[in-house]
file protein_13.cif (mmCIF, C-alpha atoms)
data_input
loop_
_atom_site.group_PDB
_atom_site.id
_atom_site.type_symbol
_atom_site.label_atom_id
_atom_site.label_comp_id
_atom_site.auth_asym_id
_atom_site.auth_seq_id
_atom_site.Cartn_x
_atom_site.Cartn_y
_atom_site.Cartn_z
ATOM 1 C CA MET E 24 0.000 0.000 0.000
ATOM 2 C CA ILE E 25 1.704 3.191 -1.225
ATOM 3 C CA SER E 26 1.125 6.428 0.678
ATOM 4 C CA ILE E 27 -0.637 9.334 -0.970
ATOM 5 C CA GLU E 28 2.396 11.532 -0.274
ATOM 6 C CA ILE E 29 4.704 9.102 -2.086
ATOM 7 C CA LEU E 30 2.360 9.050 -5.078
ATOM 8 C CA ARG E 31 2.464 12.830 -5.123
ATOM 9 C CA LYS E 32 6.222 13.254 -4.629
ATOM 10 C CA GLU E 33 7.887 10.193 -6.149
ATOM 11 C CA ALA E 34 5.364 8.989 -8.719
ATOM 12 C CA HIS E 35 4.777 12.645 -9.713
ATOM 13 C CA MET E 36 1.000 12.244 -9.663
ATOM 14 C CA ASN E 37 -0.983 15.450 -9.395
ATOM 15 C CA ASP E 38 -4.017 15.869 -7.157
ATOM 16 C CA GLU E 39 -6.443 15.215 -10.006
ATOM 17 C CA GLU E 40 -4.749 11.902 -10.837
ATOM 18 C CA ILE E 41 -4.752 10.868 -7.170
ATOM 19 C CA MET E 42 -8.446 11.728 -6.822
ATOM 20 C CA GLU E 43 -9.224 9.689 -9.932
ATOM 21 C CA MET E 44 -7.374 6.733 -8.414
ATOM 22 C CA LEU E 45 -9.244 7.151 -5.120
ATOM 23 C CA LYS E 46 -12.590 7.157 -6.945
ATOM 24 C CA LYS E 47 -11.790 3.603 -8.055
ATOM 25 C CA HIS E 48 -10.893 2.425 -4.545
ATOM 26 C CA PRO E 49 -13.379 -0.288 -3.460
ATOM 27 C CA GLY E 50 -13.761 1.451 -0.105
ATOM 28 C CA ASN E 51 -15.063 4.578 -1.826
ATOM 29 C CA ALA E 52 -17.900 2.721 -3.553
ATOM 30 C CA PRO E 53 -21.334 4.403 -3.455
ATOM 31 C CA GLN E 54 -22.735 2.038 -0.808
ATOM 32 C CA TYR E 55 -20.383 3.611 1.747
ATOM 33 C CA ASP E 56 -21.419 7.215 1.030
ATOM 34 C CA VAL E 57 -22.700 9.363 3.885
ATOM 35 C CA SER E 58 -25.835 9.924 1.792
ATOM 36 C CA SER E 59 -26.831 6.293 2.342
ATOM 37 C CA CYS E 60 -26.679 6.525 6.154
ATOM 38 C CA MET E 61 -29.761 6.269 8.359
ATOM 39 C CA LEU E 62 -30.185 8.733 11.210
ATOM 40 C CA ASN E 63 -30.719 7.251 14.680
ATOM 41 C CA GLU E 64 -32.665 9.929 16.545
ATOM 42 C CA ASN E 65 -32.365 7.838 19.703
ATOM 43 C CA SER E 66 -28.581 7.983 19.687
ATOM 44 C CA PRO E 67 -27.164 9.257 23.000
ATOM 45 C CA LEU E 68 -25.067 11.605 20.867
ATOM 46 C CA TYR E 69 -28.094 13.149 19.124
ATOM 47 C CA GLY E 70 -27.849 16.940 19.291
ATOM 48 C CA LYS E 71 -24.364 16.955 20.817
ATOM 49 C CA ARG E 72 -22.395 19.936 19.559
ATOM 50 C CA ILE E 73 -18.782 18.961 18.935
ATOM 51 C CA ILE E 74 -15.785 20.891 17.631
ATOM 52 C CA PHE E 75 -13.377 18.865 15.492
ATOM 53 C CA LEU E 76 -9.904 20.296 14.854
ATOM 54 C CA GLY E 77 -7.513 18.436 12.597
ATOM 55 C CA SER E 78 -5.857 17.876 9.275
ATOM 56 C CA SER E 79 -6.315 15.327 6.470
ATOM 57 C CA VAL E 80 -7.775 12.474 8.551
ATOM 58 C CA THR E 81 -10.348 14.760 10.151
ATOM 59 C CA TYR E 82 -11.039 16.312 6.760
ATOM 60 C CA GLY E 83 -11.392 13.040 4.829
ATOM 61 C CA ALA E 84 -8.609 13.565 2.291
ATOM 62 C CA ALA E 85 -8.920 10.084 0.768
ATOM 63 C CA SER E 86 -12.722 9.934 1.038
ATOM 64 C CA PHE E 87 -13.829 13.104 -0.700
ATOM 65 C CA ALA E 88 -14.300 15.111 2.519
ATOM 66 C CA GLU E 89 -16.490 12.475 4.173
ATOM 67 C CA SER E 90 -14.795 11.586 7.460
ATOM 68 C CA PHE E 91 -16.012 10.248 10.804
ATOM 69 C CA VAL E 92 -17.343 13.766 11.407
ATOM 70 C CA GLU E 93 -19.921 13.460 8.635
ATOM 71 C CA TYR E 94 -20.826 9.890 9.625
ATOM 72 C CA LEU E 95 -21.440 10.927 13.241
ATOM 73 C CA GLN E 96 -23.587 13.749 11.927
ATOM 74 C CA ALA E 97 -25.554 11.521 9.534
ATOM 75 C CA GLU E 98 -25.973 8.498 11.814
ATOM 76 C CA ASP E 99 -26.059 10.018 15.308
ATOM 77 C CA GLY E 100 -27.293 13.551 14.783
ATOM 78 C CA VAL E 101 -24.105 15.175 16.085
ATOM 79 C CA ILE E 102 -23.919 18.898 15.326
ATOM 80 C CA PRO E 103 -20.296 19.431 14.274
ATOM 81 C CA TYR E 104 -18.018 22.384 13.778
ATOM 82 C CA LYS E 105 -15.264 20.964 11.578
ATOM 83 C CA GLU E 106 -12.003 22.869 11.195
ATOM 84 C CA ALA E 107 -9.735 20.602 9.146
ATOM 85 C CA VAL E 108 -7.010 21.418 6.630
ATOM 86 C CA SER E 109 -4.800 18.742 5.084
ATOM 87 C CA SER E 110 -1.017 18.730 5.588
ATOM 88 C CA THR E 111 -1.096 21.037 8.611
ATOM 89 C CA THR E 112 0.804 20.554 11.856
ATOM 90 C CA LEU E 113 0.118 21.058 15.534
ATOM 91 C CA ALA E 114 3.445 22.876 15.899
ATOM 92 C CA ASP E 115 3.079 26.492 14.847
ATOM 93 C CA VAL E 116 5.887 26.346 12.293
ATOM 94 C CA LYS E 117 3.997 27.459 9.186
ATOM 95 C CA GLU E 118 0.757 29.037 8.062
ATOM 96 C CA GLY E 119 -2.389 27.046 8.838
ATOM 97 C CA SER E 120 -1.119 25.328 11.974
ATOM 98 C CA TYR E 121 -3.585 23.954 14.503
ATOM 99 C CA VAL E 122 -2.597 26.753 16.890
ATOM 100 C CA GLN E 123 -3.573 29.360 14.305
ATOM 101 C CA ARG E 124 -6.770 27.692 13.139
ATOM 102 C CA VAL E 125 -8.244 26.870 16.554
ATOM 103 C CA GLN E 126 -8.437 30.630 17.081
ATOM 104 C CA THR E 127 -10.715 30.988 14.024
ATOM 105 C CA ILE E 128 -13.419 28.755 15.546
ATOM 106 C CA PRO E 129 -16.277 30.904 16.922
ATOM 107 C CA ALA E 130 -15.836 31.409 20.651
ATOM 108 C CA ASP E 131 -19.634 31.471 21.059
ATOM 109 C CA PHE E 132 -20.111 27.952 19.604
ATOM 110 C CA LYS E 133 -21.892 26.064 22.406
ATOM 111 C CA ALA E 134 -19.669 22.992 22.491
ATOM 112 C CA ASP E 135 -20.364 19.738 24.333
ATOM 113 C CA ALA E 136 -16.879 18.495 23.416
ATOM 114 C CA PHE E 137 -13.686 19.544 21.670
ATOM 115 C CA ILE E 138 -11.861 16.820 19.702
ATOM 116 C CA CYS E 139 -8.402 17.385 18.234
ATOM 117 C CA GLN E 140 -6.416 15.119 15.932
ATOM 118 C CA LEU E 141 -2.902 14.171 16.995
ATOM 119 C CA SER E 142 -1.532 15.201 13.636
ATOM 120 C CA THR E 143 0.596 12.713 11.746
ATOM 121 C CA ASN E 144 2.115 15.631 9.844
ATOM 122 C CA ASP E 145 4.278 16.679 12.781
ATOM 123 C CA ALA E 146 5.824 13.199 12.655
ATOM 124 C CA THR E 147 6.095 12.785 8.878
ATOM 125 C CA LYS E 148 7.170 16.342 8.011
ATOM 126 C CA GLY E 149 9.848 16.649 10.672
ATOM 127 C CA ALA E 150 8.240 19.306 12.857
ATOM 128 C CA PRO E 151 9.895 19.793 16.260
ATOM 129 C CA LEU E 152 8.174 17.409 18.688
ATOM 130 C CA GLY E 153 9.500 18.777 21.952
ATOM 131 C CA LYS E 154 8.585 17.081 25.209
ATOM 132 C CA ALA E 155 5.902 17.170 27.877
ATOM 133 C CA GLY E 156 6.147 20.423 29.790
ATOM 134 C CA ASP E 157 7.243 22.507 26.804
ATOM 135 C CA THR E 158 5.432 25.810 26.500
ATOM 136 C CA SER E 159 6.641 26.879 23.058
ATOM 137 C CA VAL E 160 3.938 26.494 20.411
ATOM 138 C CA TYR E 161 6.724 25.919 17.900
ATOM 139 C CA THR E 162 6.909 22.320 19.167
ATOM 140 C CA ALA E 163 4.142 19.732 18.936
ATOM 141 C CA ALA E 164 4.194 19.263 22.717
ATOM 142 C CA GLY E 165 3.911 22.967 23.420
ATOM 143 C CA ALA E 166 1.165 23.352 20.819
ATOM 144 C CA ILE E 167 -0.858 20.509 22.364
ATOM 145 C CA SER E 168 -0.655 22.110 25.809
ATOM 146 C CA TRP E 169 -1.530 25.539 24.403
ATOM 147 C CA ILE E 170 -4.546 24.165 22.481
ATOM 148 C CA ILE E 171 -5.832 22.366 25.595
ATOM 149 C CA ASP E 172 -5.606 25.557 27.649
ATOM 150 C CA TYR E 173 -7.189 27.641 24.882
ATOM 151 C CA ALA E 174 -10.079 25.192 24.363
ATOM 152 C CA LYS E 175 -10.725 24.949 28.095
ATOM 153 C CA LYS E 176 -10.767 28.732 28.488
ATOM 154 C CA THR E 177 -12.860 29.339 25.354
ATOM 155 C CA TRP E 178 -15.463 26.547 25.411
ATOM 156 C CA ASN E 179 -15.130 25.019 28.890
ATOM 157 C CA CYS E 180 -16.088 21.562 27.681
ATOM 158 C CA PRO E 181 -14.528 18.069 27.727
ATOM 159 C CA ILE E 182 -11.392 17.953 25.585
ATOM 160 C CA PHE E 183 -10.105 14.894 23.707
ATOM 161 C CA PHE E 184 -7.189 14.125 21.408
ATOM 162 C CA TYR E 185 -7.429 11.187 19.034
ATOM 163 C CA THR E 186 -4.603 9.237 17.434
ATOM 164 C CA GLY E 187 -4.319 7.457 14.114
ATOM 165 C CA THR E 188 -4.395 3.704 13.774
ATOM 166 C CA LYS E 189 -1.095 1.808 13.549
ATOM 167 C CA PHE E 190 1.333 2.669 10.762
ATOM 168 C CA ASP E 191 5.083 2.465 10.448
ATOM 169 C CA ASN E 192 6.403 5.676 11.981
ATOM 170 C CA PRO E 193 8.461 5.719 15.206
ATOM 171 C CA ARG E 194 8.122 9.518 15.518
ATOM 172 C CA TYR E 195 4.343 9.244 15.644
ATOM 173 C CA GLU E 196 4.598 6.531 18.282
ATOM 174 C CA GLN E 197 6.843 8.936 20.204
ATOM 175 C CA MET E 198 4.147 11.614 19.894
ATOM 176 C CA ILE E 199 1.564 9.267 21.399
ATOM 177 C CA GLU E 200 3.849 8.527 24.352
ATOM 178 C CA MET E 201 4.343 12.276 24.732
ATOM 179 C CA LEU E 202 0.570 12.815 24.687
ATOM 180 C CA TYR E 203 0.195 10.471 27.648
ATOM 181 C CA GLU E 204 2.938 12.353 29.480
ATOM 182 C CA ILE E 205 1.111 15.647 28.874
ATOM 183 C CA GLN E 206 -2.093 14.049 30.174
ATOM 184 C CA LYS E 207 -0.447 13.673 33.595
ATOM 185 C CA THR E 208 -0.619 17.442 34.052
ATOM 186 C CA LYS E 209 -3.522 18.456 31.775
ATOM 187 C CA ASP E 210 -7.238 17.596 31.952
ATOM 188 C CA PHE E 211 -8.119 15.874 28.668
ATOM 189 C CA GLY E 212 -9.001 12.441 27.343
ATOM 190 C CA ILE E 213 -7.218 10.343 24.719
ATOM 191 C CA ILE E 214 -9.032 8.397 22.012
ATOM 192 C CA ASP E 215 -6.218 5.956 21.376
ATOM 193 C CA PHE E 216 -6.652 4.100 18.083
ATOM 194 C CA TRP E 217 -2.933 3.291 17.923
ATOM 195 C CA ASN E 218 -3.011 0.883 20.874
ATOM 196 C CA HIS E 219 -6.543 -0.359 20.138
ATOM 197 C CA PRO E 220 -7.704 -3.934 19.381
ATOM 198 C CA MET E 221 -9.348 -2.492 16.250
ATOM 199 C CA ASN E 222 -5.931 -2.820 14.572
ATOM 200 C CA GLU E 223 -6.302 -6.604 14.627
ATOM 201 C CA ILE E 224 -8.133 -6.971 11.332
ATOM 202 C CA SER E 225 -7.515 -8.983 8.196
ATOM 203 C CA ARG E 226 -5.420 -7.684 5.308
ATOM 204 C CA GLU E 227 -8.523 -7.786 3.153
ATOM 205 C CA ASP E 228 -10.473 -5.533 5.522
ATOM 206 C CA TYR E 229 -7.516 -3.192 5.945
ATOM 207 C CA SER E 230 -7.199 -2.859 2.163
ATOM 208 C CA LEU E 231 -10.900 -2.017 1.966
ATOM 209 C CA TYR E 232 -10.717 0.519 4.784
ATOM 210 C CA MET E 233 -7.510 2.439 4.054
ATOM 211 C CA ALA E 234 -6.007 4.351 1.130
ATOM 212 C CA ASP E 235 -2.600 4.162 2.814
ATOM 213 C CA GLY E 236 -1.246 3.733 6.332
ATOM 214 C CA ILE E 237 -2.727 7.028 7.518
ATOM 215 C CA HIS E 238 -5.842 7.867 5.505
ATOM 216 C CA PRO E 239 -9.132 5.941 5.650
ATOM 217 C CA VAL E 240 -11.484 5.796 2.704
ATOM 218 C CA LYS E 241 -15.280 5.933 3.153
ATOM 219 C CA ALA E 242 -15.615 2.277 4.172
ATOM 220 C CA GLY E 243 -12.863 2.756 6.732
ATOM 221 C CA TYR E 244 -14.580 5.707 8.328
ATOM 222 C CA ARG E 245 -18.055 4.201 8.232
ATOM 223 C CA LEU E 246 -17.312 0.625 9.274
ATOM 224 C CA TRP E 247 -14.077 0.915 11.278
ATOM 225 C CA TRP E 248 -13.375 4.362 12.749
ATOM 226 C CA THR E 249 -16.831 5.857 13.355
ATOM 227 C CA PRO E 250 -18.141 2.918 15.439
ATOM 228 C CA GLU E 251 -15.133 3.305 17.750
ATOM 229 C CA PHE E 252 -15.605 7.068 17.999
ATOM 230 C CA ARG E 253 -19.275 6.444 18.782
ATOM 231 C CA LYS E 254 -18.521 3.968 21.580
ATOM 232 C CA PHE E 255 -15.954 6.279 23.143
ATOM 233 C CA LEU E 256 -18.115 9.389 22.984
ATOM 234 C CA ILE E 257 -21.219 7.661 24.347
ATOM 235 C CA LYS E 258 -19.151 6.423 27.277
ATOM 236 C CA ASN E 259 -17.385 9.727 27.947
ATOM 237 C CA LEU E 260 -19.942 12.462 27.219
#

call {"tool": "encode", "arguments": {"input": "protein_13.cif", "output": "structure tokens"}}
result
Amino acid sequence: MISIEILRKEAHMNDEEIMEMLKKHPGNAPQYDVSSCMLNENSPLYGKRIIFLGSSVTYGAASFAESFVEYLQAEDGVIPYKEAVSSTTLADVKEGSYVQRVQTIPADFKADAFICQLSTNDATKGAPLGKAGDTSVYTAAGAISWIIDYAKKTWNCPIFFYTGTKFDNPRYEQMIEMLYEIQKTKDFGIIDFWNHPMNEISREDYSLYMADGIHPVKAGYRLWWTPEFRKFLIKNL
């Protein structure tokens, strides 16, 4: 399974060619579209107002902008505010960072929860990771702490960070360990898909669910990621 970034950089495919390839992915077949979902008005999450901050996985870069956010909205009646831009980092090292974009979310949004993606881009693009206790937003660790404090002050709601599922990147694994260290001094929850039994699936299912090691396609969001988000949020909200 070749990553989307490798296709872009080494195979010299442009975005249009990558999108055309993703259209043909079995996991992006019409039966997995958000439009085919049924709303459960009895869901415990119905009417919950949730802010989602992230990058390509939150956006749905390999699934035509249909991520777990849209499935929670369509199936559970969640009212989302989605702030997601592909290729952006937590660390405030370039335009569009999480630190910059969280400040564009309306302060008067009545949030029942704030959910932030532990960005894979900090790991894959070589952003400074830092360590727990850092206060500089120019490191991933400092940015995480700053975002937690900002979200708490602005929306005063439960705060969660979610990880990606397993893929081959020691720096991202280091980020997850760092997140747990930060949790010792900050009040937030972790939706840990990295160390989750959900990773124990067949190769066939994994190929259906994922475009590469990081990005789910529609089937992956609908059948694999969203059910786990749902379980966690029902238990913790």

call {"tool": "resolve_selection", "arguments": {"input": "protein_13.cif", "expression": "the PyMOL selection byres ((chain E and resi 202-205) around 9)", "output": "PyMOL selection string"}}
result
chain E and resi 141+154-156+164+167-168+184+197-201+206-209+213

call {"tool": "residues_around", "arguments": {"input": "protein_13.cif", "residues": "Ala107 (chain E)", "least_positions_apart": "2", "cutoff": "10 Å", "atoms": "all atoms listed in the file", "output": "list in words"}}
result
Phe75, Leu76, Gly77, Ser78, Ser79, Val80, Thr81, Tyr82, Gly83, Ala84, Ala88, Tyr104, Lys105, Ser109, Ser110, Thr111, Gly119, Tyr121, Arg124, Val125, Cys139 and Gln140 of chain E

call {"tool": "atom_distance", "arguments": {"input": "protein_13.cif", "atom1": "CA of His219 (chain E)", "atom2": "CA of Ser86 (chain E)"}}
result
22.6 Å

call {"tool": "atom_distance", "arguments": {"input": "protein_13.cif", "atom1": "CA of Asp115 (chain E)", "atom2": "CA of Thr186 (chain E)"}}
result
19.1 Å

call {"tool": "resolve_selection", "arguments": {"input": "protein_13.cif", "expression": "the PyMOL selection byres ((chain E and resi 161) around 6)", "output": "MDAnalysis selection string"}}
result
chainID E and resid 114:116 159:160 162

call {"tool": "resolve_selection", "arguments": {"input": "protein_13.cif", "expression": "the PyMOL selection byres ((chain E and resi 68-73) around 8)", "output": "list in words"}}
result
Asn63, Glu64, Asn65, Ser66, Pro67, Ile74, Phe75, Asp99, Gly100, Val101, Ile102, Pro103, Tyr104, Lys133, Ala134, Asp135, Ala136, Phe137, Ile138, Leu256 and Ile257 of chain E

call {"tool": "write_last_selection", "arguments": {"input": "protein_13.cif", "atoms": "C-alpha atoms", "output": "compact mmCIF listing (two decimals), in the frame of the given file"}}
result
# COMPACT_ATOMS: atom_id res chain seq x y z
CA ASN E 63 -30.72 7.25 14.68
CA GLU E 64 -32.66 9.93 16.55
CA ASN E 65 -32.36 7.84 19.70
CA SER E 66 -28.58 7.98 19.69
CA PRO E 67 -27.16 9.26 23.00
CA ILE E 74 -15.78 20.89 17.63
CA PHE E 75 -13.38 18.86 15.49
CA ASP E 99 -26.06 10.02 15.31
CA GLY E 100 -27.29 13.55 14.78
CA VAL E 101 -24.10 15.18 16.08
CA ILE E 102 -23.92 18.90 15.33
CA PRO E 103 -20.30 19.43 14.27
CA TYR E 104 -18.02 22.38 13.78
CA LYS E 133 -21.89 26.06 22.41
CA ALA E 134 -19.67 22.99 22.49
CA ASP E 135 -20.36 19.74 24.33
CA ALA E 136 -16.88 18.50 23.42
CA PHE E 137 -13.69 19.54 21.67
CA ILE E 138 -11.86 16.82 19.70
CA LEU E 256 -18.11 9.39 22.98
CA ILE E 257 -21.22 7.66 24.35

call {"tool": "residues_around", "arguments": {"input": "protein_13.cif", "residues": "Pro53 (chain E)", "least_positions_apart": "5", "cutoff": "10 Å", "atoms": "all atoms listed in the file", "output": "NGL selection string"}}
result
:E and (46 or 58-59 or 241-242)

call {"tool": "atom_distance", "arguments": {"input": "protein_13.cif", "atom1": "CA of Thr177 (chain E)", "atom2": "CA of Glu118 (chain E)"}}
result
22.0 Å

call {"tool": "closest_residue", "arguments": {"input": "protein_13.cif", "among": "E:Lys117, E:Val240, E:Phe132, E:Lys175", "to": "Met44 (chain E)", "atoms": "only C-alpha atoms"}}
result
E:Val240

call {"tool": "closest_residue", "arguments": {"input": "protein_13.cif", "among": "E:Leu152, E:Thr127, E:Asn218, E:Arg245", "to": "Tyr173 (chain E)", "atoms": "all atoms listed in the file"}}
result
E:Thr127

call {"tool": "closest_residue", "arguments": {"input": "protein_13.cif", "among": "E:Thr249, E:Gln54, E:Gln96, E:Gln126", "to": "Ile170 (chain E)", "atoms": "all atoms listed in the file"}}
result
E:Gln126

call {"tool": "residues_around", "arguments": {"input": "protein_13.cif", "residues": "region 229-234 of chain E", "least_positions_apart": "6", "cutoff": "8 Å", "atoms": "only C-alpha atoms", "output": "MDAnalysis selection string"}}
result
chainID E and resid 24 26:27 45 48:50 85 240:244 246:247

call {"tool": "residues_around", "arguments": {"input": "protein_13.cif", "residues": "Ile171 (chain E)", "least_positions_apart": "5", "cutoff": "9 Å", "atoms": "only C-alpha atoms", "output": "PyMOL selection string"}}
result
chain E and resi 166+176+182-183+209-211

call {"tool": "residues_around", "arguments": {"input": "protein_13.cif", "residues": "Met221 (chain E)", "least_positions_apart": "3", "cutoff": "10 Å", "atoms": "all atoms listed in the file", "output": "list in words"}}
result
Thr188, Lys189, Phe216, Trp217, Asn218, Ile224, Trp247, Trp248 and Glu251 of chain E

call {"tool": "closest_residue", "arguments": {"input": "protein_13.cif", "among": "E:Gly165, E:Pro151, E:Pro181, E:Gly187", "to": "Asp235 (chain E)", "atoms": "only C-alpha atoms"}}
result
E:Gly187

call {"tool": "axis_aligned_box", "arguments": {"input": "protein_13.cif", "around": "region 197-200 of chain E", "padding_each_side": "5 Å", "output": "lines of an AutoDock Vina configuration file"}}
result
center_x = 4.2
center_y = 10.1
center_z = 22.1
size_x = 15.3
size_y = 13.1
size_z = 14.5

call {"tool": "closest_residue", "arguments": {"input": "protein_13.cif", "among": "E:Ala174, E:Ala97, E:Val108, E:Ile237", "to": "Asp56 (chain E)", "atoms": "only C-alpha atoms"}}
result
E:Ala97

call {"tool": "decode", "arguments": {"input": "protein_13.cif", "residues": "region 128-153 of chain E", "atoms": "C-alpha atoms", "output": "PDB file, in the first residue's frame"}}
result
ATOM      1  CA  ILE E 128     -13.419  28.755  15.546  1.00  0.00           C
ATOM      2  CA  PRO E 129     -16.277  30.904  16.922  1.00  0.00           C
ATOM      3  CA  ALA E 130     -15.836  31.409  20.651  1.00  0.00           C
ATOM      4  CA  ASP E 131     -19.634  31.471  21.059  1.00  0.00           C
ATOM      5  CA  PHE E 132     -20.111  27.952  19.604  1.00  0.00           C
ATOM      6  CA  LYS E 133     -21.892  26.064  22.406  1.00  0.00           C
ATOM      7  CA  ALA E 134     -19.669  22.992  22.491  1.00  0.00           C
ATOM      8  CA  ASP E 135     -20.364  19.738  24.333  1.00  0.00           C
ATOM      9  CA  ALA E 136     -16.879  18.495  23.416  1.00  0.00           C
ATOM     10  CA  PHE E 137     -13.686  19.544  21.670  1.00  0.00           C
ATOM     11  CA  ILE E 138     -11.861  16.820  19.702  1.00  0.00           C
ATOM     12  CA  CYS E 139      -8.402  17.385  18.234  1.00  0.00           C
ATOM     13  CA  GLN E 140      -6.416  15.119  15.932  1.00  0.00           C
ATOM     14  CA  LEU E 141      -2.902  14.171  16.995  1.00  0.00           C
ATOM     15  CA  SER E 142      -1.532  15.201  13.636  1.00  0.00           C
ATOM     16  CA  THR E 143       0.596  12.713  11.746  1.00  0.00           C
ATOM     17  CA  ASN E 144       2.115  15.631   9.844  1.00  0.00           C
ATOM     18  CA  ASP E 145       4.278  16.679  12.781  1.00  0.00           C
ATOM     19  CA  ALA E 146       5.824  13.199  12.655  1.00  0.00           C
ATOM     20  CA  THR E 147       6.095  12.785   8.878  1.00  0.00           C
ATOM     21  CA  LYS E 148       7.170  16.342   8.011  1.00  0.00           C
ATOM     22  CA  GLY E 149       9.848  16.649  10.672  1.00  0.00           C
ATOM     23  CA  ALA E 150       8.240  19.306  12.857  1.00  0.00           C
ATOM     24  CA  PRO E 151       9.895  19.793  16.260  1.00  0.00           C
ATOM     25  CA  LEU E 152       8.174  17.409  18.688  1.00  0.00           C
ATOM     26  CA  GLY E 153       9.500  18.777  21.952  1.00  0.00           C
TER      27      GLY E 153
END
